[in-house]
Every structure is written in C-alpha cells, then in structure tokens.
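Dumped structure.txt below, it's compact mmCIF, C-alpha atoms (C1' of nucleotides):
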# COMPACT_ATOMS: atom_id res chain seq x y z
CA MET D 1 78.87 71.51 46.53
CA ALA D 2 79.76 67.93 47.35
CA SER D 3 82.86 68.26 45.22
CA ALA D 4 84.59 70.17 48.01
CA LEU D 5 84.10 67.13 50.22
CA TYR D 6 85.26 64.67 47.56
CA LYS D 7 88.35 66.77 47.12
CA HIS D 8 88.99 66.72 50.83
CA ILE D 9 88.45 62.98 51.09
CA ASN D 10 90.89 62.44 48.24
CA LYS D 11 93.62 64.12 50.23
CA PHE D 12 93.45 61.13 52.58
CA ILE D 13 92.19 58.15 50.60
CA ASN D 14 91.46 57.35 47.00
CA LEU D 15 87.77 57.56 46.20
CA ASN D 16 86.94 56.90 42.56
CA LYS D 17 83.96 58.19 40.58
CA ASP D 18 81.87 55.09 41.22
CA GLU D 19 82.47 55.33 44.93
CA GLN D 20 81.62 59.02 44.86
CA GLU D 21 78.30 58.07 43.39
CA VAL D 22 77.70 55.61 46.17
CA LEU D 23 78.47 58.31 48.68
CA ALA D 24 76.39 61.05 47.05
CA PRO D 25 72.95 60.03 48.43
CA PHE D 26 74.29 60.21 51.98
CA LEU D 27 75.22 63.85 51.59
CA GLN D 28 72.82 66.67 52.20
CA PRO D 29 73.94 70.15 51.17
CA LEU D 30 72.63 72.95 53.37
CA SER D 31 73.07 76.68 53.61
CA VAL D 32 72.76 78.57 56.87
CA LYS D 33 72.62 82.30 57.04
CA LYS D 34 74.68 84.28 59.50
CA LYS D 35 73.43 83.68 63.05
CA GLY D 36 71.34 80.77 61.84
CA PHE D 37 71.41 77.49 63.78
CA LEU D 38 72.14 73.91 62.80
CA LEU D 39 71.55 72.80 66.38
CA GLU D 40 69.98 74.50 69.37
CA GLY D 41 70.30 73.61 73.04
CA GLY D 42 67.74 71.02 74.09
CA GLN D 43 67.52 69.50 70.61
CA THR D 44 69.15 66.32 69.41
CA CYS D 45 72.07 66.73 67.03
CA ARG D 46 70.96 65.13 63.81
CA ALA D 47 74.05 65.39 61.62
CA ASN D 48 77.78 65.65 61.33
CA TYR D 49 78.58 68.83 59.38
CA PHE D 50 81.38 69.46 56.90
CA VAL D 51 82.00 73.15 56.24
CA VAL D 52 82.35 73.89 52.52
CA LYS D 53 82.39 77.65 52.90
CA GLY D 54 81.94 79.91 55.90
CA CYS D 55 82.35 79.45 59.61
CA LEU D 56 80.41 77.64 62.32
CA ARG D 57 80.84 77.69 66.05
CA LEU D 58 79.86 75.23 68.77
CA TYR D 59 78.85 76.80 72.07
CA PHE D 60 76.83 76.22 75.21
CA ILE D 61 75.23 78.53 77.75
CA ASP D 62 76.93 78.39 81.13
CA ILE D 63 75.28 78.61 84.52
CA LYS D 64 75.63 82.39 84.53
CA GLY D 65 73.92 82.68 81.18
CA ALA D 66 77.06 83.43 79.16
CA GLU D 67 77.77 81.78 75.80
CA GLN D 68 80.89 79.63 75.92
CA THR D 69 82.34 78.88 72.49
CA THR D 70 84.19 75.59 72.60
CA GLN D 71 84.93 75.04 68.92
CA PHE D 72 85.06 76.78 65.57
CA ALA D 73 84.89 75.10 62.18
CA ILE D 74 85.96 76.79 58.97
CA GLU D 75 86.39 75.39 55.45
CA ASN D 76 87.22 71.66 55.38
CA TRP D 77 86.49 70.97 59.04
CA TRP D 78 83.83 68.71 60.48
CA ILE D 79 81.76 69.80 63.44
CA THR D 80 79.07 68.20 65.59
CA ASP D 81 78.15 67.43 69.19
CA LEU D 82 79.47 63.92 68.84
CA THR D 83 77.74 62.38 71.85
CA SER D 84 74.38 63.81 70.89
CA PHE D 85 74.93 62.85 67.24
CA LEU D 86 75.98 59.25 67.90
CA PHE D 87 73.54 58.37 70.65
CA GLN D 88 70.72 60.76 69.79
CA GLU D 89 70.77 62.22 73.26
CA HIS D 90 69.59 65.75 73.70
CA SER D 91 72.36 68.28 73.44
CA GLU D 92 73.33 71.25 75.57
CA PHE D 93 75.20 72.75 72.63
CA TYR D 94 74.32 75.18 69.88
CA ILE D 95 75.87 75.10 66.42
CA GLN D 96 75.58 78.53 64.89
CA ALA D 97 76.85 80.17 61.71
CA ALA D 98 79.29 83.01 62.39
CA GLU D 99 79.10 83.84 58.67
CA PRO D 100 76.81 82.77 55.82
CA THR D 101 77.83 79.14 55.62
CA ASP D 102 77.49 76.20 53.22
CA VAL D 103 77.75 72.75 54.73
CA ILE D 104 77.35 69.13 53.80
CA ALA D 105 75.43 67.18 56.39
CA ILE D 106 75.51 63.45 57.04
CA GLY D 107 72.51 62.42 59.06
CA ASN D 108 72.72 60.14 62.06
CA ASN D 109 70.32 57.60 60.56
CA GLN D 110 72.61 57.17 57.56
CA TYR D 111 76.00 57.41 59.21
CA GLU D 112 76.55 53.72 59.96
CA GLU D 113 74.99 52.63 56.67
CA MET D 114 77.47 54.86 54.87
CA PHE D 115 80.38 52.98 56.46
CA HIS D 116 78.68 49.71 55.62
CA GLN D 117 78.47 50.61 51.94
CA LEU D 118 81.85 52.34 51.79
CA PRO D 119 84.22 50.72 54.28
CA LYS D 120 87.01 52.83 52.79
CA LEU D 121 85.55 55.79 54.64
CA GLU D 122 86.48 54.19 57.95
CA ARG D 123 90.02 55.18 57.11
CA TYR D 124 89.13 58.72 56.07
CA PHE D 125 87.26 59.35 59.29
CA ARG D 126 89.95 57.67 61.37
CA LEU D 127 92.49 60.10 59.89
CA ILE D 128 90.17 63.07 60.46
CA LEU D 129 89.60 62.02 64.05
CA GLN D 130 93.34 61.67 64.53
CA LYS D 131 93.75 65.26 63.40
CA ASN D 132 91.04 66.25 65.87
CA HIS D 133 92.82 64.41 68.62
CA GLN D 134 96.10 66.13 67.80
CA ALA D 135 94.30 69.47 67.92
CA SER D 136 92.77 68.60 71.30
CA GLN D 137 96.10 67.61 72.80
CA ARG D 138 97.62 70.87 71.57
CA ARG D 139 94.72 72.89 72.87
CA ILE D 140 94.73 71.37 76.34
CA LYS D 141 98.47 72.00 76.53
CA PHE D 142 97.96 75.67 75.63
CA LEU D 143 95.13 76.06 78.12
CA TYR D 144 97.28 74.58 80.87
CA SER D 145 100.48 76.44 80.15
CA GLN D 146 99.58 79.94 79.10
CA THR D 147 97.94 82.96 80.68
CA ALA D 148 94.88 84.49 79.05
CA GLU D 149 97.03 87.21 77.53
CA GLU D 150 99.54 84.73 76.12
CA ARG D 151 96.74 82.63 74.63
CA TYR D 152 95.34 85.67 72.85
CA ARG D 153 98.68 86.88 71.52
CA ASN D 154 99.62 83.42 70.36
CA PHE D 155 96.32 82.79 68.66
CA ASN D 156 96.49 86.17 67.02
CA ARG D 157 99.98 85.46 65.71
CA LEU D 158 99.07 81.98 64.44
CA PHE D 159 95.67 82.82 62.91
CA PRO D 160 95.57 86.56 62.19
CA GLU D 161 93.12 86.17 59.30
CA PHE D 162 90.73 84.11 61.42
CA VAL D 163 90.72 86.66 64.23
CA GLN D 164 89.28 89.13 61.71
CA ARG D 165 86.47 86.78 60.77
CA VAL D 166 84.68 86.42 64.10
CA PRO D 167 83.41 88.91 66.68
CA GLN D 168 85.68 89.39 69.64
CA TYR D 169 83.22 88.08 72.17
CA MET D 170 83.21 84.67 70.45
CA LEU D 171 86.98 84.60 70.40
CA ALA D 172 87.21 85.64 74.05
CA SER D 173 85.03 82.77 75.21
CA TYR D 174 86.89 80.32 72.94
CA LEU D 175 90.16 81.42 74.52
CA GLY D 176 88.66 81.14 77.98
CA PHE D 177 88.15 84.69 79.24
CA THR D 178 85.71 87.60 79.14
CA PRO D 179 85.24 90.10 76.29
CA GLU D 180 86.09 92.90 78.75
CA PHE D 181 89.42 91.33 79.46
CA LEU D 182 90.13 90.97 75.74
CA SER D 183 89.49 94.69 75.32
CA LYS D 184 91.95 95.35 78.11
CA ILE D 185 94.63 93.19 76.51
CA ARG D 186 94.14 94.84 73.14
CA ALA D 187 94.32 98.32 74.64
CA LYS D 188 97.68 97.51 76.18
CA LYS D 189 99.51 97.66 72.87
CA MET E 1 98.72 39.79 77.76
CA ALA E 2 97.54 40.53 74.24
CA SER E 3 94.26 38.80 75.05
CA ALA E 4 93.10 41.89 76.95
CA LEU E 5 93.47 43.87 73.75
CA TYR E 6 91.72 41.23 71.60
CA LYS E 7 88.89 41.27 74.06
CA HIS E 8 88.67 45.04 73.84
CA ILE E 9 88.79 45.03 70.05
CA ASN E 10 85.99 42.48 69.97
CA LYS E 11 83.73 44.87 71.82
CA PHE E 12 83.80 47.03 68.70
CA ILE E 13 84.46 44.77 65.72
CA ASN E 14 84.69 41.06 65.08
CA LEU E 15 88.26 39.84 64.93
CA ASN E 16 88.57 36.09 64.41
CA LYS E 17 91.43 33.81 65.47
CA ASP E 18 93.21 34.05 62.11
CA GLU E 19 93.08 37.80 62.20
CA GLN E 20 94.34 37.85 65.77
CA GLU E 21 97.35 35.90 64.55
CA VAL E 22 97.96 38.47 61.86
CA LEU E 23 97.81 41.21 64.46
CA ALA E 24 100.00 39.48 67.06
CA PRO E 25 103.42 40.36 65.56
CA PHE E 26 102.53 44.07 65.67
CA LEU E 27 101.99 43.98 69.40
CA GLN E 28 104.77 44.43 71.90
CA PRO E 29 103.96 43.74 75.56
CA LEU E 30 105.83 45.89 78.05
CA SER E 31 105.87 46.39 81.78
CA VAL E 32 106.76 49.70 83.40
CA LYS E 33 107.34 50.05 87.07
CA LYS E 34 105.82 52.84 89.11
CA LYS E 35 107.36 56.17 88.12
CA GLY E 36 108.97 54.56 85.10
CA PHE E 37 108.74 56.31 81.71
CA LEU E 38 107.49 55.24 78.31
CA LEU E 39 108.34 58.66 76.91
CA GLU E 40 110.43 61.53 78.21
CA GLY E 41 110.43 65.16 77.12
CA GLY E 42 112.79 65.74 74.22
CA GLN E 43 112.43 62.19 72.91
CA THR E 44 110.30 61.05 70.01
CA CYS E 45 107.20 59.06 70.91
CA ARG E 46 107.74 55.65 69.41
CA ALA E 47 104.48 53.88 70.15
CA ASN E 48 100.79 54.04 70.86
CA TYR E 49 100.15 52.36 74.21
CA PHE E 50 97.19 50.28 75.31
CA VAL E 51 96.92 49.88 79.08
CA VAL E 52 96.25 46.29 80.10
CA LYS E 53 96.68 46.85 83.82
CA GLY E 54 97.75 49.90 85.82
CA CYS E 55 97.72 53.61 85.15
CA LEU E 56 99.72 55.97 82.96
CA ARG E 57 99.71 59.73 82.81
CA LEU E 58 100.71 62.17 80.09
CA TYR E 59 102.26 65.40 81.33
CA PHE E 60 104.56 68.22 80.33
CA ILE E 61 106.69 70.67 82.28
CA ASP E 62 105.39 74.22 82.11
CA ILE E 63 107.43 77.40 81.92
CA LYS E 64 107.53 77.64 85.71
CA GLY E 65 108.88 74.13 86.04
CA ALA E 66 105.63 72.56 87.26
CA GLU E 67 104.33 69.24 85.91
CA GLN E 68 101.02 69.60 84.12
CA THR E 69 99.11 66.35 83.75
CA THR E 70 96.92 66.51 80.68
CA GLN E 71 95.69 62.92 80.45
CA PHE E 72 95.37 59.70 82.41
CA ALA E 73 94.98 56.24 80.94
CA ILE E 74 93.75 53.26 82.96
CA GLU E 75 92.75 49.76 81.83
CA ASN E 76 91.50 49.59 78.23
CA TRP E 77 92.57 53.08 77.23
CA TRP E 78 95.08 54.09 74.61
CA ILE E 79 97.60 56.84 75.25
CA THR E 80 100.30 58.56 73.22
CA ASP E 81 101.54 61.97 72.14
CA LEU E 82 99.77 61.61 68.82
CA THR E 83 101.65 64.30 66.90
CA SER E 84 105.02 63.00 67.99
CA PHE E 85 103.94 59.41 67.36
CA LEU E 86 102.55 60.01 63.87
CA PHE E 87 105.18 62.38 62.54
CA GLN E 88 108.13 61.31 64.65
CA GLU E 89 108.67 64.85 65.87
CA HIS E 90 110.29 65.31 69.22
CA SER E 91 107.83 65.53 72.05
CA GLU E 92 107.47 67.90 74.97
CA PHE E 93 105.46 65.31 76.85
CA TYR E 94 106.29 62.60 79.35
CA ILE E 95 104.37 59.35 79.66
CA GLN E 96 104.87 57.98 83.14
CA ALA E 97 103.44 55.07 85.12
CA ALA E 98 101.45 56.19 88.16
CA GLU E 99 101.32 52.52 89.20
CA PRO E 100 103.14 49.37 88.07
CA THR E 101 101.67 49.09 84.61
CA ASP E 102 101.40 46.53 81.80
CA VAL E 103 100.91 47.86 78.31
CA ILE E 104 100.76 46.70 74.74
CA ALA E 105 102.74 48.94 72.41
CA ILE E 106 102.27 49.39 68.68
CA GLY E 107 105.36 50.98 67.19
CA ASN E 108 105.23 53.86 64.75
CA ASN E 109 107.12 51.95 62.07
CA GLN E 110 104.44 49.23 62.09
CA TYR E 111 101.32 51.30 62.61
CA GLU E 112 100.44 51.92 58.96
CA GLU E 113 101.46 48.42 57.91
CA MET E 114 99.10 47.05 60.53
CA PHE E 115 96.18 48.88 58.89
CA HIS E 116 97.36 47.67 55.50
CA GLN E 117 97.25 44.04 56.61
CA LEU E 118 94.12 44.39 58.71
CA PRO E 119 91.87 47.07 57.22
CA LYS E 120 89.21 46.02 59.73
CA LEU E 121 91.19 47.83 62.38
CA GLU E 122 90.48 51.15 60.69
CA ARG E 123 87.00 50.80 62.12
CA TYR E 124 88.18 49.85 65.60
CA PHE E 125 90.46 52.85 65.80
CA ARG E 126 87.84 55.15 64.32
CA LEU E 127 85.47 54.11 67.08
CA ILE E 128 88.17 54.53 69.74
CA LEU E 129 89.01 57.98 68.40
CA GLN E 130 85.33 58.89 68.44
CA LYS E 131 85.24 58.01 72.13
CA ASN E 132 88.31 60.18 72.64
CA HIS E 133 86.64 63.02 70.83
CA GLN E 134 83.53 62.71 72.97
CA ALA E 135 85.71 62.77 76.07
CA SER E 136 87.50 65.91 74.80
CA GLN E 137 84.25 67.72 74.10
CA ARG E 138 83.01 66.85 77.58
CA ARG E 139 86.27 67.91 79.19
CA ILE E 140 86.46 71.28 77.45
CA LYS E 141 82.89 71.94 78.48
CA PHE E 142 83.70 71.19 82.13
CA LEU E 143 86.83 73.32 82.04
CA TYR E 144 84.84 76.23 80.62
CA SER E 145 81.82 76.03 82.86
CA GLN E 146 83.00 75.05 86.32
CA THR E 147 85.15 76.57 89.01
CA ALA E 148 88.16 74.64 90.31
CA GLU E 149 86.19 73.53 93.33
CA GLU E 150 83.27 72.33 91.24
CA ARG E 151 85.61 70.42 88.94
CA TYR E 152 87.12 68.62 91.90
CA ARG E 153 83.82 67.77 93.55
CA ASN E 154 82.37 66.57 90.29
CA PHE E 155 85.35 64.44 89.41
CA ASN E 156 85.38 63.01 92.87
CA ARG E 157 81.73 62.12 92.61
CA LEU E 158 82.06 60.57 89.16
CA PHE E 159 85.33 58.67 89.71
CA PRO E 160 85.77 58.13 93.45
CA GLU E 161 87.82 54.94 93.00
CA PHE E 162 90.18 56.64 90.57
CA VAL E 163 90.81 59.56 92.92
CA GLN E 164 92.23 57.01 95.37
CA ARG E 165 94.65 55.62 92.79
CA VAL E 166 96.73 58.69 92.02
CA PRO E 167 98.57 61.23 94.17
CA GLN E 168 96.72 64.45 94.72
CA TYR E 169 99.28 66.60 92.99
CA MET E 170 98.69 64.71 89.72
CA LEU E 171 94.97 65.11 90.09
CA ALA E 172 95.29 68.81 90.91
CA SER E 173 97.23 69.55 87.73
CA TYR E 174 94.84 67.41 85.67
CA LEU E 175 91.94 69.42 87.03
CA GLY E 176 93.78 72.67 86.36
CA PHE E 177 94.84 74.04 89.74
CA THR E 178 97.57 73.75 92.36
CA PRO E 179 98.00 71.01 94.98
CA GLU E 180 97.76 73.69 97.69
CA PHE E 181 94.37 74.72 96.45
CA LEU E 182 93.21 71.11 96.41
CA SER E 183 94.22 70.81 100.07
CA LYS E 184 92.18 73.87 100.84
CA ILE E 185 89.11 72.52 99.08
CA ARG E 186 89.40 69.20 100.89
CA ALA E 187 89.79 70.91 104.25
CA LYS E 188 86.57 72.83 103.72
CA LYS E 189 84.35 69.82 104.32
C1' DA C 1 70.14 108.22 55.64
C1' DT C 2 68.23 107.08 60.21
C1' DC C 3 67.09 104.37 63.98
C1' DA C 4 67.82 100.09 66.49
C1' DT C 5 70.66 96.57 67.64
C1' DT C 6 74.86 94.51 68.34
C1' DT C 7 79.56 94.80 69.52
C1' DC C 8 83.40 96.97 71.81
C1' DT C 9 85.66 99.87 75.43
C1' DT C 10 86.83 101.82 79.96
C1' DA C 11 87.38 101.84 84.78
C1' DA C 12 86.57 100.74 89.65
C1' DA C 13 85.66 97.19 92.94
C1' DC C 14 85.99 92.38 93.75
C1' DT C 15 87.33 87.29 94.04
C1' DA C 16 89.07 82.81 92.88
C1' DC C 17 93.07 80.96 92.76
C1' DA C 18 98.45 81.27 92.81
C1' DT C 19 102.63 81.90 95.32
C1' DT C 20 105.72 81.37 99.00
C1' DA C 21 107.34 79.28 102.84
C1' DA C 22 107.37 76.37 106.77
C1' DG C 23 105.80 72.46 109.08
C1' DT C 24 103.55 67.62 109.13
C1' DT C 25 102.47 63.22 107.52
C1' DT C 26 103.09 59.34 104.58
C1' DT C 27 105.73 56.37 101.69
C1' DT C 28 109.92 54.41 100.06
C1' DT C 29 114.44 52.58 100.53
C1' DC C 30 118.21 50.04 102.44
C1' DG T 1 112.71 49.74 111.38
C1' DA T 2 115.43 54.15 110.81
C1' DA T 3 116.53 57.57 107.69
C1' DA T 4 115.45 59.86 103.54
C1' DA T 5 112.39 61.25 100.22
C1' DA T 6 107.93 62.25 98.58
C1' DA T 7 103.40 63.94 99.36
C1' DC T 8 100.20 66.79 101.86
C1' DT T 9 98.65 70.83 104.82
C1' DT T 10 98.21 75.52 106.56
C1' DA T 11 98.27 80.34 106.36
C1' DA T 12 99.67 84.95 104.86
C1' DT T 13 100.21 87.72 100.89
C1' DG T 14 99.69 88.69 95.97
C1' DT T 15 97.51 88.98 91.29
C1' DA T 16 95.24 87.65 86.91
C1' DG T 17 91.06 87.84 85.47
C1' DT T 18 85.79 88.77 86.67
C1' DT T 19 81.93 91.65 87.56
C1' DT T 20 79.20 95.56 87.04
C1' DA T 21 77.82 99.44 84.85
C1' DA T 22 77.79 103.02 81.61
C1' DG T 23 79.09 105.01 77.34
C1' DA T 24 81.02 104.82 72.49
C1' DA T 25 81.42 102.77 68.09
C1' DA T 26 80.14 99.82 64.52
C1' DT T 27 76.79 97.16 61.96
C1' DG T 28 72.34 96.04 60.16
C1' DA T 29 67.46 96.97 58.84
C1' DT T 30 64.02 99.76 56.59

Structure translated into structure tokens:
Amino acid sequence: MASALYKHINKFINLNKDEQEVLAPFLQPLSVKKKGFLLEGGQTCRANYFVVKGCLRLYFIDIKGAEQTTQFAIENWWITDLTSFLFQEHSEFYIQAAEPTDVIAIGNNQYEEMFHQLPKLERYFRLILQKNHQASQRRIKFLYSQTAEERYRNFNRLFPEFVQRVPQYMLASYLGFTPEFLSKIRAKK
Amino acid sequence: MASALYKHINKFINLNKDEQEVLAPFLQPLSVKKKGFLLEGGQTCRANYFVVKGCLRLYFIDIKGAEQTTQFAIENWWITDLTSFLFQEHSEFYIQAAEPTDVIAIGNNQYEEMFHQLPKLERYFRLILQKNHQASQRRIKFLYSQTAEERYRNFNRLFPEFVQRVPQYMLASYLGFTPEFLSKIRAKK
DNA sequence: ATCATTTCTTAAACTACATTAAGTTTTTTC
DNA sequence: GAAAAAACTTAATGTAGTTTAAGAAATGAT
C-alpha cells in the first residue's frame, strides 16, 4: 500500500530504495469503511492522512447542528486538521470516509523525527503545501466571486466524476449552501 | 532591511552568518508607497514578498467591478499569487500597499536556485506554508459557520489594532460583505 | 424481497445581506 | 488652507439563499 505514496513522492523528489526503507516504519496503513471516522470532534488529531484509494471528508458541526464539509481528499491527497495534528490540541473537526478508503497515516509523534531522518522530505512536503496554498487561493476567489448557483455549475463542469462520488448534501455544504437549494438548482435545468 | 527576514527565519531554523551571506544575493529590498502596486491584474507575479514593515493586500476585481480583498499581509508575513508566481501565468490579482510598505522580494527566476544552494530553507518554507494552511483551515471554518455580523465582531475582537490600520471597505470585502453592510453593523451598537 | 434508514425533492414563508442613490465626513493634494 | 478626491453613512427597495415541513425515492440491512 505504501507504494502509492512512494510513487507520489517520486513525482516531486527522488527517493531511492534505501530511503524508502528508512521511511517505511513511519507509515501506518489503515482502512476505514464507509462512514467510518479517522477523527471525531472533541478528539485530538493523531495523524496526517494520505489517501491511497477512496475519499475522505473533513467537516465540523455548526452552531445550528448542521455538518459543514470544508475539505475533501481523494487519491493522492493529504488531509488532516493541521492545528490539532501539529499542536495536539483537541479538534472540532471530523474526518470521515465517504467511501471505503485506504490511507497511509503518519503519526504526530513521528512526524518531526521523520524529517530529521529524511531531510529530503522537507522539500516534498513544501511542494505539497504549495499546492494546497494554490488550491486555497483559488477556492477563496471562487467563494468571493460566484453565486451559489455558479459555484455548483462550475464545480460540476470541472469535476463531473467527483460529483457522482459523494452524496449531494456533502457537496452542498462544501460549496457553501443548503441541500434544499442544491435540489432547486438541479431542478432548474 | 534583510535582517528582519533573517530574524524571522531564525525563529524556525538555524541560519548562520555564512548561510545568510549565501542567501543575501537572492533578496531584493523594495519600498512601495501607499496605494502603490507590486502586482497588477493581467501581469505575471514576479516575486514572493516578505513584509518587513507596513501592510499589503491581495485583491481581484469581481464581475461587477468591485474589489474583493482575499488576503492581507502585515509584518513577517509572506504574500504572493502563488500560481502566477510559480508558473509565470498571468494573474487576475493585484497586490497593493495599504500603507507605505517595505518588503523583501524573492524573484521567480531565483526561487528554485535559492533552495538548491540552501536546502535548509526547504524546512523554513515548509513551516511557513504549514502556518498558512492552518490559517486557511481556520478561515474557511469561520466563513462557513458565522454570519457577516459575527465575522466582523469576531475579527474586531481578535485584531482590534489591525482594524484601525485599513479602510473599512477593504475589511468589508475581506470579511465577505459590502461596506454599506459594515456601516449598518457598526451603527447598531 | 422487505423493512428501515438515508438521501433527495418540492414549495411556501422568511431573512440576511445586496443594491441603489444621495448626502456627509475625512483625507489627500497643491 | 481650499478644493478635490476618497471613504463612510443612511435608508428604501430588492433578492439569493434559508428554514420548515412533508413526501418521494434510493440505498442498505437482514
């Protein structure tokens, strides 16, 4: 299972067999069944998760009791509540499998030691975090410039296959509106 | 001027005098006067900017012609349109000084070479990007869970000194509503 | 296959915030 | 320090999206 991660890392840096072996003990493969949790509100986030296969979502429960999905992660994406993960503070987020999902986890207690033993990975994670930052800048721009309907139509056009993979209520909250409103949009045409 | 950056870097990693001298030629100090631009829509973003003193904002012009501020950077923050900077694509963003501002710029053409000569900086930038990612996760959560009024009151409570530094119309767009609505909120109490 | 649960839809009433437009105050410029 | 420009306020009207509630359809469990 770790080979998916090695493959991904090698898109960004060159990690040879020996180095892969150094990395191996830091990696913990896990499977989560659909609707299973890797993190639940109130707990501390114990790992950074790389999705090998499947789909995870990050959400929190708002003041009205509604689930707000703030992030999805499919194959080859990392996901965590970074503040909770880094500082071992308790989290208000849930990380839940939207499909049966295989992940590789890197635990908080081993995260810094991993960089110590494999300084090369600083670069890999810098590049990953840059991609994240690009995605955030794009997302904020979309949120600030488009109506709910435009956001849905755009997302649907850009990621039609993904829209099929998750229930509409998750998508609605990710796009920043209610499931009822999504139904309304869809009915329109 | 570069000493502010060295000082910041040394909060995260240990950069000795020799290494500072290696870094120096990559750094370009610049001053921008209030309302001056480091990037204008349509141009390509040529640098990543570290704010030594002052305040910059990143904004774009939406379809209705209104300025939407998506990010501020004050002392010790980095700011850029990352996609445009990394891939030298033309940007839809503006980077403008909200106050007379001193920055240190690292040009795109030297960015990778800098990491090549000083691999230590991979770690510094990874840590900076992690902080960015934490800030993004927090921001998305706020945007998804609070009303406009709550966002304003919260921001005002958390960063009262900053609220004084920028015009209200910039703040309003950063918080995701109109200047008129901000006036209304403020009048309420 | 059937029952229970989850997800999706529809529609009416409601509200948070936008828009428009005019007037006022503050800041900048020469 | 006067004139011009930029920033802020107020109020009336408009609307995109929410809320509530009930029913229909799809999915999952035994």

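The protein and nucleic acid residues lying at most 12 Å from DT7 of chain C are Val166, Pro167, Gln168, Tyr169, Met170, Pro179, Glu180 and Ser183 of chain D; DA24, DA25, DA26, DT27 and DG28 of chain T, with all atoms listed in the file considered and sequence neighbours fewer than 5 positions away removed.
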
(message) Residues within 12 Å of Glu113 of chain D, please, as a PyMOL selection string. Count all atoms listed in the file; anything in the same chain fewer than 4 positions from it doesn't count.
(response) chain D and resi 22-23+25-26+106-109+117-119+121-122

Written file, previous selection with C-alpha atoms, as a PDB file, in the frame of the given file:
ATOM      1  CA  VAL D  22      77.700  55.610  46.170  1.00  0.00           C
ATOM      2  CA  LEU D  23      78.470  58.310  48.680  1.00  0.00           C
ATOM      3  CA  PRO D  25      72.950  60.030  48.430  1.00  0.00           C
ATOM      4  CA  PHE D  26      74.290  60.210  51.980  1.00  0.00           C
ATOM      5  CA  ILE D 106      75.510  63.450  57.040  1.00  0.00           C
ATOM      6  CA  GLY D 107      72.510  62.420  59.060  1.00  0.00           C
ATOM      7  CA  ASN D 108      72.720  60.140  62.060  1.00  0.00           C
ATOM      8  CA  ASN D 109      70.320  57.600  60.560  1.00  0.00           C
ATOM      9  CA  GLN D 117      78.470  50.610  51.940  1.00  0.00           C
ATOM     10  CA  LEU D 118      81.850  52.340  51.790  1.00  0.00           C
ATOM     11  CA  PRO D 119      84.220  50.720  54.280  1.00  0.00           C
ATOM     12  CA  LEU D 121      85.550  55.790  54.640  1.00  0.00           C
ATOM     13  CA  GLU D 122      86.480  54.190  57.950  1.00  0.00           C
TER      14      GLU D 122
END

(message) I'd like the interatomic distance between atom CA of His90 of chain E and atom CA of Glu161 of chain D, to a tenth of an Å.
(response)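 Computing it gives 28.8 Å between the two atoms.
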
(request) Go ahead and compute the interatomic distance for atom C1' of DT9 of chain T and atom CA of Gly65 of chain E, in Å to one decimal. (result)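 Separating atom C1' of DT9 of chain T from atom CA of Gly65 of chain E is a distance of 21.6 Å.
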
Could you build a table of the residues in chain T lying no more than 12 Å from chain E, giving for each the nearest pair of atoms and their separation in Å rounded to one decimal place, using only C-alpha atoms (C1' of nucleotides), ordered by chain and ascending residue number, as a tab-separated table?
residue	atom	partner	partner_atom	distance
T:DA6	C1'	E:Pro167	CA	10.4
T:DA7	C1'	E:Pro167	CA	7.6
T:DC8	C1'	E:Ser183	CA	7.4
T:DT9	C1'	E:Ser183	CA	6.5
T:DT10	C1'	E:Lys184	CA	8.5
T:DA11	C1'	E:Lys184	CA	10.5

Contacts from chain C to chain E, 10 Å maximum, all atoms listed in the file: show me the residue list as a PDB file with C-alpha atoms (C1' of nucleotides), in the frame of the given file.
ATOM      1  C1'  DA C  16      89.070  82.810  92.880  1.00  0.00           C
ATOM      2  C1'  DC C  17      93.070  80.960  92.760  1.00  0.00           C
ATOM      3  C1'  DA C  18      98.450  81.270  92.810  1.00  0.00           C
ATOM      4  C1'  DT C  19     102.630  81.900  95.320  1.00  0.00           C
TER       5       DT C  19
END

For chain E versus chain D, which residues have an atom no more than 7 Å away, and what is each residue's nearest atom pair and distance in Å rounded to one decimal, using only C-alpha atoms, chain-then-number order, as JSON lines?
{"residue": "E:Asp62", "atom": "CA", "partner": "D:Ser145", "partner_atom": "CA", "distance": 5.7}
{"residue": "E:Thr70", "atom": "CA", "partner": "D:Ile140", "partner_atom": "CA", "distance": 6.9}
{"residue": "E:Leu82", "atom": "CA", "partner": "D:Gln134", "partner_atom": "CA", "distance": 5.9}
{"residue": "E:Thr83", "atom": "CA", "partner": "D:Gln134", "partner_atom": "CA", "distance": 5.9}
{"residue": "E:Glu122", "atom": "CA", "partner": "D:Arg123", "partner_atom": "CA", "distance": 5.4}
{"residue": "E:Arg123", "atom": "CA", "partner": "D:Glu122", "partner_atom": "CA", "distance": 5.4}
{"residue": "E:Phe125", "atom": "CA", "partner": "D:Arg126", "partner_atom": "CA", "distance": 6.6}
{"residue": "E:Arg126", "atom": "CA", "partner": "D:Arg126", "partner_atom": "CA", "distance": 4.4}
{"residue": "E:Leu129", "atom": "CA", "partner": "D:Leu129", "partner_atom": "CA", "distance": 6.0}
{"residue": "E:Gln130", "atom": "CA", "partner": "D:Leu129", "partner_atom": "CA", "distance": 6.9}
{"residue": "E:His133", "atom": "CA", "partner": "D:His133", "partner_atom": "CA", "distance": 6.7}
{"residue": "E:Gln134", "atom": "CA", "partner": "D:Thr83", "partner_atom": "CA", "distance": 5.9}
{"residue": "E:Ser136", "atom": "CA", "partner": "D:Ser136", "partner_atom": "CA", "distance": 6.9}
{"residue": "E:Ile140", "atom": "CA", "partner": "D:Thr70", "partner_atom": "CA", "distance": 6.9}
{"residue": "E:Tyr144", "atom": "CA", "partner": "D:Gly176", "partner_atom": "CA", "distance": 6.8}
{"residue": "E:Ser145", "atom": "CA", "partner": "D:Asp62", "partner_atom": "CA", "distance": 5.7}
{"residue": "E:Gly176", "atom": "CA", "partner": "D:Tyr144", "partner_atom": "CA", "distance": 6.8}

Padding 5 Å on each side, edges along x, y and z: where is the centre of the box around the listed atoms of segment 127-139 of chain D, and how long are its edges in Å to one decimal? Output it as JSON.
{"center_x": 93.6, "center_y": 66.5, "center_z": 66.4, "size_x": 18.0, "size_y": 22.8, "size_z": 23.0}

(message) (102.1, 42.2, 69.1) in this file's frame - what residues fall within 12 Å of it? Use all atoms listed in the file and give the answer as a list in words.
(response) Met1, Ala2, Ser3, Ala4, Leu5, Tyr6, Gln20, Glu21, Val22, Leu23, Ala24, Pro25, Phe26, Leu27, Gln28, Pro29, Leu30, Ala47, Tyr49, Phe50, Val103, Ile104, Ala105, Ile106, Gly107, Gln110, Tyr111 and Met114 of chain E

(request) Could you tell me how far atom CA of Leu38 of chain E lies from atom CA of Thr101 of chain E, in Å and to one decimal? (result) 10.6 Å

(request) Pick out the residues sitting within 10 Å of DA29 of chain T, and hand them over as a list of chain:residue names; count all atoms listed in the file, and ignore anything fewer than 5 positions along from it in its own chain. (result) C:DC3, C:DA4, C:DT5

(request) Can you pull out every residue within 8 Å of Ala73 of chain E, counting all atoms listed in the file, but drop anything in the same chain fewer than 3 positions away, and send it as a list of chain:residue names? (result) E:Val51, E:Cys55, E:Leu56, E:Arg57, E:Asn76, E:Trp77, E:Trp78, E:Ile79
